[in-house]
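Listing of input.cif; format and content: mmCIF, C-alpha atoms; chains and numbers go by the auth columns.
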data_target
#
loop_
_atom_site.group_PDB
_atom_site.id
_atom_site.type_symbol
_atom_site.label_atom_id
_atom_site.label_comp_id
_atom_site.label_asym_id
_atom_site.label_seq_id
_atom_site.Cartn_x
_atom_site.Cartn_y
_atom_site.Cartn_z
_atom_site.B_iso_or_equiv
_atom_site.auth_seq_id
_atom_site.auth_asym_id
ATOM 1 C CA MET A 1 150.254 -77.364 14.451 0.00 1 A
ATOM 2 C CA ARG A 2 153.906 -78.279 14.273 0.00 2 A
ATOM 3 C CA ILE A 3 157.141 -77.452 12.478 0.00 3 A
ATOM 4 C CA ILE A 4 157.261 -79.729 9.425 0.00 4 A
ATOM 5 C CA ALA A 5 160.971 -79.812 8.539 0.00 5 A
ATOM 6 C CA GLY A 6 164.389 -78.407 9.299 0.00 6 A
ATOM 7 C CA SER A 7 166.269 -77.854 12.541 0.00 7 A
ATOM 8 C CA LEU A 8 163.061 -77.551 14.587 0.00 8 A
ATOM 9 C CA ARG A 9 161.234 -80.421 12.907 0.00 9 A
ATOM 10 C CA GLY A 10 158.410 -81.930 14.937 0.00 10 A
ATOM 11 C CA ARG A 11 158.223 -79.137 17.515 0.00 11 A
ATOM 12 C CA ARG A 12 154.674 -78.191 18.463 0.00 12 A
ATOM 13 C CA LEU A 13 153.185 -74.728 18.021 0.00 13 A
ATOM 14 C CA GLU A 14 150.310 -73.201 19.925 0.00 14 A
ATOM 15 C CA ALA A 15 147.469 -71.432 18.120 0.00 15 A
ATOM 16 C CA PRO A 16 145.230 -68.653 19.471 0.00 16 A
ATOM 17 C CA PRO A 17 141.781 -69.919 20.517 0.00 17 A
ATOM 18 C CA GLY A 18 138.705 -68.934 18.547 0.00 18 A
ATOM 19 C CA ALA A 19 138.238 -67.937 14.933 0.00 19 A
ATOM 20 C CA GLN A 20 140.130 -64.630 14.968 0.00 20 A
ATOM 21 C CA THR A 21 143.137 -66.200 13.254 0.00 21 A
ATOM 22 C CA ARG A 22 143.269 -69.043 10.733 0.00 22 A
ATOM 23 C CA PRO A 23 146.405 -71.125 11.226 0.00 23 A
ATOM 24 C CA ILE A 24 147.594 -72.924 8.107 0.00 24 A
ATOM 25 C CA THR A 25 147.234 -76.695 8.246 0.00 25 A
ATOM 26 C CA ASP A 26 150.340 -78.867 8.378 0.00 26 A
ATOM 27 C CA ARG A 27 149.495 -80.457 5.013 0.00 27 A
ATOM 28 C CA ILE A 28 149.095 -77.119 3.212 0.00 28 A
ATOM 29 C CA LYS A 29 152.207 -75.724 4.896 0.00 29 A
ATOM 30 C CA GLU A 30 154.255 -78.716 3.786 0.00 30 A
ATOM 31 C CA THR A 31 153.028 -78.360 0.195 0.00 31 A
ATOM 32 C CA LEU A 32 153.737 -74.617 0.201 0.00 32 A
ATOM 33 C CA PHE A 33 157.295 -75.033 1.471 0.00 33 A
ATOM 34 C CA ASN A 34 157.935 -77.826 -1.031 0.00 34 A
ATOM 35 C CA ILE A 35 156.961 -75.379 -3.778 0.00 35 A
ATOM 36 C CA LEU A 36 159.213 -72.681 -2.314 0.00 36 A
ATOM 37 C CA GLY A 37 162.151 -75.074 -1.918 0.00 37 A
ATOM 38 C CA ALA A 38 161.801 -76.285 -5.508 0.00 38 A
ATOM 39 C CA ARG A 39 161.605 -72.723 -6.863 0.00 39 A
ATOM 40 C CA LEU A 40 164.656 -71.656 -4.857 0.00 40 A
ATOM 41 C CA GLY A 41 166.607 -74.765 -5.840 0.00 41 A
ATOM 42 C CA LEU A 42 166.818 -75.995 -2.250 0.00 42 A
ATOM 43 C CA PRO A 43 164.310 -78.837 -1.786 0.00 43 A
ATOM 44 C CA GLY A 44 163.241 -79.047 1.842 0.00 44 A
ATOM 45 C CA SER A 45 165.151 -75.936 2.885 0.00 45 A
ATOM 46 C CA LEU A 46 165.522 -72.195 2.323 0.00 46 A
ATOM 47 C CA PRO A 47 168.496 -69.883 1.774 0.00 47 A
ATOM 48 C CA ALA A 48 169.587 -67.634 4.659 0.00 48 A
ATOM 49 C CA VAL A 49 167.140 -64.847 3.774 0.00 49 A
ATOM 50 C CA ALA A 50 165.338 -62.273 5.882 0.00 50 A
ATOM 51 C CA VAL A 51 161.639 -63.174 6.155 0.00 51 A
ATOM 52 C CA LEU A 52 158.656 -60.886 6.649 0.00 52 A
ATOM 53 C CA ASP A 53 155.516 -62.542 8.047 0.00 53 A
ATOM 54 C CA LEU A 54 152.553 -60.159 7.737 0.00 54 A
ATOM 55 C CA PHE A 55 149.324 -61.000 9.590 0.00 55 A
ATOM 56 C CA ALA A 56 151.565 -63.465 11.420 0.00 56 A
ATOM 57 C CA GLY A 57 149.024 -64.937 13.839 0.00 57 A
ATOM 58 C CA SER A 58 150.816 -67.637 15.817 0.00 58 A
ATOM 59 C CA GLY A 59 153.867 -67.385 13.534 0.00 59 A
ATOM 60 C CA GLY A 60 153.537 -70.761 11.808 0.00 60 A
ATOM 61 C CA LEU A 61 154.883 -69.618 8.429 0.00 61 A
ATOM 62 C CA GLY A 62 157.769 -67.475 9.664 0.00 62 A
ATOM 63 C CA LEU A 63 158.851 -70.071 12.228 0.00 63 A
ATOM 64 C CA GLU A 64 158.782 -72.813 9.604 0.00 64 A
ATOM 65 C CA ALA A 65 160.986 -70.619 7.401 0.00 65 A
ATOM 66 C CA LEU A 66 163.482 -70.156 10.250 0.00 66 A
ATOM 67 C CA SER A 67 163.570 -73.903 10.842 0.00 67 A
ATOM 68 C CA ARG A 68 164.400 -74.435 7.163 0.00 68 A
ATOM 69 C CA GLY A 69 167.321 -72.011 7.046 0.00 69 A
ATOM 70 C CA ALA A 70 166.032 -68.422 6.917 0.00 70 A
ATOM 71 C CA SER A 71 168.301 -66.057 8.843 0.00 71 A
ATOM 72 C CA SER A 72 165.688 -63.860 10.522 0.00 72 A
ATOM 73 C CA CYS A 73 161.981 -63.067 10.613 0.00 73 A
ATOM 74 C CA LEU A 74 159.982 -59.941 11.323 0.00 74 A
ATOM 75 C CA PHE A 75 156.478 -60.894 12.470 0.00 75 A
ATOM 76 C CA VAL A 76 153.739 -58.266 12.127 0.00 76 A
ATOM 77 C CA GLU A 77 150.543 -58.916 14.099 0.00 77 A
ATOM 78 C CA ARG A 78 148.166 -56.611 15.972 0.00 78 A
ATOM 79 C CA SER A 79 145.839 -58.977 17.862 0.00 79 A
ATOM 80 C CA PRO A 80 146.957 -59.008 21.526 0.00 80 A
ATOM 81 C CA GLN A 81 145.827 -62.621 21.904 0.00 81 A
ATOM 82 C CA ALA A 82 147.732 -63.746 18.797 0.00 82 A
ATOM 83 C CA VAL A 83 150.827 -61.779 19.842 0.00 83 A
ATOM 84 C CA ARG A 84 150.879 -63.558 23.227 0.00 84 A
ATOM 85 C CA VAL A 85 150.790 -66.941 21.486 0.00 85 A
ATOM 86 C CA LEU A 86 153.369 -65.828 18.906 0.00 86 A
ATOM 87 C CA ARG A 87 155.808 -64.695 21.597 0.00 87 A
ATOM 88 C CA ALA A 88 155.243 -67.963 23.485 0.00 88 A
ATOM 89 C CA ASN A 89 155.988 -69.996 20.332 0.00 89 A
ATOM 90 C CA ILE A 90 159.186 -68.035 19.698 0.00 90 A
ATOM 91 C CA ALA A 91 160.322 -68.603 23.285 0.00 91 A
ATOM 92 C CA HIS A 92 159.354 -72.295 23.217 0.00 92 A
ATOM 93 C CA LEU A 93 161.440 -72.855 20.072 0.00 93 A
ATOM 94 C CA GLY A 94 164.411 -70.858 21.385 0.00 94 A
ATOM 95 C CA VAL A 95 164.677 -68.630 18.315 0.00 95 A
ATOM 96 C CA ALA A 96 164.223 -65.194 19.900 0.00 96 A
ATOM 97 C CA ALA A 97 167.610 -63.989 18.605 0.00 97 A
ATOM 98 C CA ALA A 98 166.417 -64.394 15.010 0.00 98 A
ATOM 99 C CA CYS A 99 162.966 -62.846 15.562 0.00 99 A
ATOM 100 C CA ARG A 100 161.376 -59.430 15.906 0.00 100 A
ATOM 101 C CA VAL A 101 157.688 -58.919 16.669 0.00 101 A
ATOM 102 C CA SER A 102 156.005 -55.723 15.505 0.00 102 A
ATOM 103 C CA VAL A 103 152.615 -55.173 17.179 0.00 103 A
ATOM 104 C CA GLN A 104 151.070 -53.090 14.432 0.00 104 A
ATOM 105 C CA ASN A 105 148.414 -53.153 11.736 0.00 105 A
ATOM 106 C CA ALA A 106 149.933 -55.035 8.784 0.00 106 A
ATOM 107 C CA TRP A 107 147.848 -52.985 6.337 0.00 107 A
ATOM 108 C CA THR A 108 149.482 -49.711 7.366 0.00 108 A
ATOM 109 C CA VAL A 109 152.797 -50.629 9.044 0.00 109 A
ATOM 110 C CA ARG A 110 155.946 -48.787 7.988 0.00 110 A
ATOM 111 C CA LEU A 111 158.434 -51.567 7.551 0.00 111 A
ATOM 112 C CA PRO A 112 162.085 -51.191 8.480 0.00 112 A
ATOM 113 C CA ALA A 113 164.487 -51.834 5.652 0.00 113 A
ATOM 114 C CA VAL A 114 166.894 -54.761 5.922 0.00 114 A
ATOM 115 C CA THR A 115 170.182 -55.099 4.080 0.00 115 A
ATOM 116 C CA GLY A 116 169.422 -56.636 0.703 0.00 116 A
ATOM 117 C CA GLY A 117 165.657 -56.597 1.305 0.00 117 A
ATOM 118 C CA TYR A 118 163.322 -59.320 2.509 0.00 118 A
ATOM 119 C CA GLY A 119 163.947 -62.500 0.538 0.00 119 A
ATOM 120 C CA LEU A 120 160.620 -64.085 1.477 0.00 120 A
ATOM 121 C CA VAL A 121 157.368 -62.357 2.414 0.00 121 A
ATOM 122 C CA PHE A 122 154.231 -64.092 3.660 0.00 122 A
ATOM 123 C CA LEU A 123 151.033 -62.131 3.066 0.00 123 A
ATOM 124 C CA ASP A 124 148.277 -64.057 4.806 0.00 124 A
ATOM 125 C CA PRO A 125 145.426 -61.731 5.841 0.00 125 A
ATOM 126 C CA PRO A 126 142.267 -62.964 7.583 0.00 126 A
ATOM 127 C CA TYR A 127 139.573 -64.400 5.308 0.00 127 A
ATOM 128 C CA ARG A 128 137.304 -61.371 5.176 0.00 128 A
ATOM 129 C CA ALA A 129 140.161 -58.901 4.839 0.00 129 A
ATOM 130 C CA ALA A 130 141.680 -60.925 1.988 0.00 130 A
ATOM 131 C CA ASP A 131 138.439 -60.516 0.052 0.00 131 A
ATOM 132 C CA ASP A 132 139.321 -56.836 -0.419 0.00 132 A
ATOM 133 C CA LEU A 133 141.645 -57.723 -3.267 0.00 133 A
ATOM 134 C CA LEU A 134 142.257 -54.117 -4.294 0.00 134 A
ATOM 135 C CA ALA A 135 143.541 -53.405 -0.774 0.00 135 A
ATOM 136 C CA VAL A 136 145.830 -56.441 -1.085 0.00 136 A
ATOM 137 C CA ALA A 137 147.106 -55.171 -4.426 0.00 137 A
ATOM 138 C CA ASP A 138 147.794 -51.769 -2.863 0.00 138 A
ATOM 139 C CA LEU A 139 149.671 -53.412 0.027 0.00 139 A
ATOM 140 C CA LEU A 140 151.773 -55.406 -2.433 0.00 140 A
ATOM 141 C CA GLU A 141 152.766 -52.241 -4.256 0.00 141 A
ATOM 142 C CA ARG A 142 153.746 -50.588 -0.963 0.00 142 A
ATOM 143 C CA LEU A 143 155.851 -53.643 -0.070 0.00 143 A
ATOM 144 C CA SER A 144 157.897 -53.337 -3.241 0.00 144 A
ATOM 145 C CA PRO A 145 160.703 -51.123 -1.816 0.00 145 A
ATOM 146 C CA VAL A 146 161.535 -53.595 0.983 0.00 146 A
ATOM 147 C CA VAL A 147 161.481 -56.840 -1.030 0.00 147 A
ATOM 148 C CA ALA A 148 164.822 -58.170 -2.280 0.00 148 A
ATOM 149 C CA PRO A 149 165.336 -58.003 -6.064 0.00 149 A
ATOM 150 C CA ASP A 150 165.122 -61.812 -6.207 0.00 150 A
ATOM 151 C CA GLY A 151 162.646 -62.094 -3.329 0.00 151 A
ATOM 152 C CA LEU A 152 159.353 -63.968 -3.333 0.00 152 A
ATOM 153 C CA VAL A 153 156.002 -62.855 -1.941 0.00 153 A
ATOM 154 C CA VAL A 154 153.499 -65.561 -0.988 0.00 154 A
ATOM 155 C CA PHE A 155 149.837 -64.474 -0.883 0.00 155 A
ATOM 156 C CA ARG A 156 147.119 -66.848 0.333 0.00 156 A
ATOM 157 C CA HIS A 157 143.334 -66.380 0.147 0.00 157 A
ATOM 158 C CA VAL A 158 140.153 -68.391 -0.325 0.00 158 A
ATOM 159 C CA VAL A 159 139.921 -70.194 -3.633 0.00 159 A
ATOM 160 C CA GLN A 160 136.623 -68.559 -4.626 0.00 160 A
ATOM 161 C CA SER A 161 138.220 -65.123 -4.977 0.00 161 A
ATOM 162 C CA ARG A 162 140.062 -64.064 -8.129 0.00 162 A
ATOM 163 C CA PHE A 163 143.017 -61.784 -7.489 0.00 163 A
ATOM 164 C CA PRO A 164 143.678 -59.119 -10.173 0.00 164 A
ATOM 165 C CA SER A 165 147.380 -59.966 -10.495 0.00 165 A
ATOM 166 C CA ALA A 166 147.612 -58.584 -14.024 0.00 166 A
ATOM 167 C CA GLY A 167 147.145 -55.074 -12.613 0.00 167 A
ATOM 168 C CA LEU A 168 150.258 -55.186 -10.431 0.00 168 A
ATOM 169 C CA ARG A 169 153.064 -52.819 -11.461 0.00 169 A
ATOM 170 C CA SER A 170 155.869 -53.984 -9.180 0.00 170 A
ATOM 171 C CA PHE A 171 155.365 -57.753 -9.104 0.00 171 A
ATOM 172 C CA ARG A 172 154.759 -60.552 -11.560 0.00 172 A
ATOM 173 C CA CYS A 173 153.014 -63.824 -10.755 0.00 173 A
ATOM 174 C CA MET A 174 155.460 -66.723 -10.969 0.00 174 A
ATOM 175 C CA ASP A 175 153.117 -69.453 -9.754 0.00 175 A
ATOM 176 C CA GLU A 176 149.482 -69.919 -8.763 0.00 176 A
ATOM 177 C CA ARG A 177 148.095 -73.018 -7.056 0.00 177 A
ATOM 178 C CA GLU A 178 144.896 -74.242 -5.482 0.00 178 A
ATOM 179 C CA LEU A 179 145.730 -75.956 -2.204 0.00 179 A
ATOM 180 C CA GLY A 180 142.572 -77.331 -0.670 0.00 180 A
ATOM 181 C CA THR A 181 140.192 -74.429 -0.060 0.00 181 A
ATOM 182 C CA MET A 182 142.956 -71.860 -0.532 0.00 182 A
ATOM 183 C CA ARG A 183 144.615 -70.228 -3.531 0.00 183 A
ATOM 184 C CA VAL A 184 148.327 -69.467 -3.205 0.00 184 A
ATOM 185 C CA TRP A 185 150.194 -66.966 -5.370 0.00 185 A
ATOM 186 C CA LEU A 186 153.955 -66.525 -5.687 0.00 186 A
ATOM 187 C CA PHE A 187 155.048 -63.072 -6.820 0.00 187 A
ATOM 188 C CA MET A 188 158.531 -61.857 -7.764 0.00 188 A
ATOM 189 C CA PRO A 189 159.684 -58.267 -8.420 0.00 189 A
ATOM 190 C CA VAL A 190 159.104 -57.385 -12.063 0.00 190 A
ATOM 191 C CA ALA A 191 162.755 -56.756 -12.985 0.00 191 A
ATOM 192 C CA ARG A 192 163.925 -60.168 -11.740 0.00 192 A
ATOM 193 C CA ALA A 193 160.888 -61.962 -13.164 0.00 193 A
ATOM 194 C CA ALA A 194 161.599 -60.467 -16.596 0.00 194 A
ATOM 195 C CA ALA A 195 165.264 -61.497 -16.362 0.00 195 A
ATOM 196 C CA ASP A 196 164.273 -65.080 -15.468 0.00 196 A
ATOM 197 C CA GLU A 197 162.073 -65.258 -18.551 0.00 197 A
ATOM 198 C CA THR A 198 164.835 -64.240 -20.990 0.00 198 A
#

Could the structure of this file be written out as structure tokens, please?
Amino acid sequence: MRIIAGSLRGRRLEAPPGAQTRPITDRIKETLFNILGARLGLPGSLPAVAVLDLFAGSGGLGLEALSRGASSCLFVERSPQAVRVLRANIAHLGVAAACRVSVQNAWTVRLPAVTGGYGLVFLDPPYRAADDLLAVADLLERLSPVVAPDGLVVFRHVVQSRFPSAGLRSFRCMDERELGTMRVWLFMPVARAAADET
């Protein structure tokens, strides 16, 4: 794994051994960030937003966001092995000042508020956990108070599953893509999504 673009472009990232985490491939990560950059009007980069990386693993998504211009990232991960690798990646890249690591269960964590809310949230649970789509929907609803009014939530899961996005109260789907074996959703808070459609 490596950082694809931005100020840290080309820097290598370590991944935890074994199958406990599922790091995103460089190709899928590049496609995802191209989609985000296009939606935010900043091809190849991101605005200076606060990022929340849930089920962070080795931190590949949050660290890529920092490289592309995000101002800070809160990483939430509970696996001791993954946290060791995550902290090592943060130190290796020299971005500790912009990072916080919360060693907690992402399903139940009480998230600290940030001024203006989180502008970008990555929701990337392990394969089997992501199959509990009702639990994911519940987590999305609980995230609503900490997401910026114009923020985006990125949810990734296996392509075979069908997420009941129509049942969400607080978010509206703005984009849905199949990327290899994964399905990626982009959600925006309902009030902003409605404004964008008028």

Determine, counting all atoms listed in the file, which protein, DNA and RNA residues have an atom within 12 Å of an atom of A:Phe187; residues of the same chain fewer than 6 positions away are not included. Present the result as an mmCIF file with C-alpha atoms, in the coordinates of the input.
data_model
loop_
_atom_site.group_PDB
_atom_site.id
_atom_site.type_symbol
_atom_site.label_atom_id
_atom_site.label_comp_id
_atom_site.auth_asym_id
_atom_site.auth_seq_id
_atom_site.Cartn_x
_atom_site.Cartn_y
_atom_site.Cartn_z
ATOM 1 C CA LEU A 36 159.213 -72.681 -2.314
ATOM 2 C CA ARG A 39 161.605 -72.723 -6.863
ATOM 3 C CA GLY A 119 163.947 -62.500 0.538
ATOM 4 C CA LEU A 120 160.620 -64.085 1.477
ATOM 5 C CA VAL A 121 157.368 -62.357 2.414
ATOM 6 C CA PHE A 122 154.231 -64.092 3.660
ATOM 7 C CA LEU A 123 151.033 -62.131 3.066
ATOM 8 C CA ALA A 137 147.106 -55.171 -4.426
ATOM 9 C CA LEU A 140 151.773 -55.406 -2.433
ATOM 10 C CA GLU A 141 152.766 -52.241 -4.256
ATOM 11 C CA LEU A 143 155.851 -53.643 -0.070
ATOM 12 C CA SER A 144 157.897 -53.337 -3.241
ATOM 13 C CA VAL A 147 161.481 -56.840 -1.030
ATOM 14 C CA ALA A 148 164.822 -58.170 -2.280
ATOM 15 C CA PRO A 149 165.336 -58.003 -6.064
ATOM 16 C CA ASP A 150 165.122 -61.812 -6.207
ATOM 17 C CA GLY A 151 162.646 -62.094 -3.329
ATOM 18 C CA LEU A 152 159.353 -63.968 -3.333
ATOM 19 C CA VAL A 153 156.002 -62.855 -1.941
ATOM 20 C CA VAL A 154 153.499 -65.561 -0.988
ATOM 21 C CA PHE A 155 149.837 -64.474 -0.883
ATOM 22 C CA ARG A 156 147.119 -66.848 0.333
ATOM 23 C CA SER A 165 147.380 -59.966 -10.495
ATOM 24 C CA ALA A 166 147.612 -58.584 -14.024
ATOM 25 C CA LEU A 168 150.258 -55.186 -10.431
ATOM 26 C CA ARG A 169 153.064 -52.819 -11.461
ATOM 27 C CA SER A 170 155.869 -53.984 -9.180
ATOM 28 C CA PHE A 171 155.365 -57.753 -9.104
ATOM 29 C CA ARG A 172 154.759 -60.552 -11.560
ATOM 30 C CA CYS A 173 153.014 -63.824 -10.755
ATOM 31 C CA MET A 174 155.460 -66.723 -10.969
ATOM 32 C CA ASP A 175 153.117 -69.453 -9.754
ATOM 33 C CA GLU A 176 149.482 -69.919 -8.763
ATOM 34 C CA ALA A 193 160.888 -61.962 -13.164
#

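When the PyMOL selection byres ((chain A and resi 133) around 12) is evaluated against the file, it yields Pro125, Tyr127, Arg128, Ala129, Ala130, Asp131, Asp132, Leu134, Ala135, Val136, Ala137, Asp138, Leu139, Leu140, Phe155, Arg156, His157, Val158, Ser161, Arg162, Phe163, Pro164, Ser165, Gly167 and Leu168 of chain A.
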
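Atom CA of A:Thr181 sits 27.7 Å away from atom CA of A:Tyr118.
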
Residues matched by the PyMOL selection byres ((chain A and resi 82-85) around 8), written as a count of residues only: 16

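For A:Ala98, the list of residues within 12 Å, based on all atoms listed in the file and with local chain neighbours fewer than 3 positions off taken out, reads Ala48, Val49, Ala50, Val51, Leu52, Gly62, Leu63, Ala65, Leu66, Ser67, Gly69, Ala70, Ser71, Ser72, Cys73, Leu74, Phe75, Ile90, Ala91, Leu93, Gly94, Val95 and Val101 of chain A.
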
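Across the model, the gap from atom CA of A:Ser45 to atom CA of A:Arg2 is 16.2 Å.
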
Target residues per the PyMOL selection byres ((chain A and resi 107) around 9), formatted as a PyMOL selection string: chain A and resi 54-55+104-106+108-109+135-136+139

Exercise: A:Ile28 partners within 12 Å, all atoms listed in the file, chain neighbours under 2 positions left out, as a ChimeraX atom specification: /A:1,4,23-26,30-35,60-61,156,177-184

Residues of the last selection are to be written out with C-alpha atoms, as a JSON list (two decimals), in the coordinates of the input.
[["chain", "number", "residue", "atom", "x", "y", "z"],
["A", 1, "MET", "CA", 150.25, -77.36, 14.45],
["A", 4, "ILE", "CA", 157.26, -79.73, 9.43],
["A", 23, "PRO", "CA", 146.40, -71.12, 11.23],
["A", 24, "ILE", "CA", 147.59, -72.92, 8.11],
["A", 25, "THR", "CA", 147.23, -76.69, 8.25],
["A", 26, "ASP", "CA", 150.34, -78.87, 8.38],
["A", 30, "GLU", "CA", 154.26, -78.72, 3.79],
["A", 31, "THR", "CA", 153.03, -78.36, 0.20],
["A", 32, "LEU", "CA", 153.74, -74.62, 0.20],
["A", 33, "PHE", "CA", 157.29, -75.03, 1.47],
["A", 34, "ASN", "CA", 157.94, -77.83, -1.03],
["A", 35, "ILE", "CA", 156.96, -75.38, -3.78],
["A", 60, "GLY", "CA", 153.54, -70.76, 11.81],
["A", 61, "LEU", "CA", 154.88, -69.62, 8.43],
["A", 156, "ARG", "CA", 147.12, -66.85, 0.33],
["A", 177, "ARG", "CA", 148.10, -73.02, -7.06],
["A", 178, "GLU", "CA", 144.90, -74.24, -5.48],
["A", 179, "LEU", "CA", 145.73, -75.96, -2.20],
["A", 180, "GLY", "CA", 142.57, -77.33, -0.67],
["A", 181, "THR", "CA", 140.19, -74.43, -0.06],
["A", 182, "MET", "CA", 142.96, -71.86, -0.53],
["A", 183, "ARG", "CA", 144.62, -70.23, -3.53],
["A", 184, "VAL", "CA", 148.33, -69.47, -3.20]]

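In this structure, atom CA of A:Leu8 sits 17.3 Å away from atom CA of A:Leu42.
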
Pick from A:Gly59, A:Pro43, A:Gly37, A:Pro189, whichever lies nearest to A:Arg12 using only C-alpha atoms: A:Gly59

Find the smallest box with edges along x, y and z containing every listed atom of stretch 175-183 of chain A, then add 6 Å on each side and report centre and edge lengths in Å to one decimal, as lines of an AutoDock Vina configuration file.
center_x = 146.7
center_y = -73.4
center_z = -4.9
size_x = 24.9
size_y = 19.9
size_z = 21.7
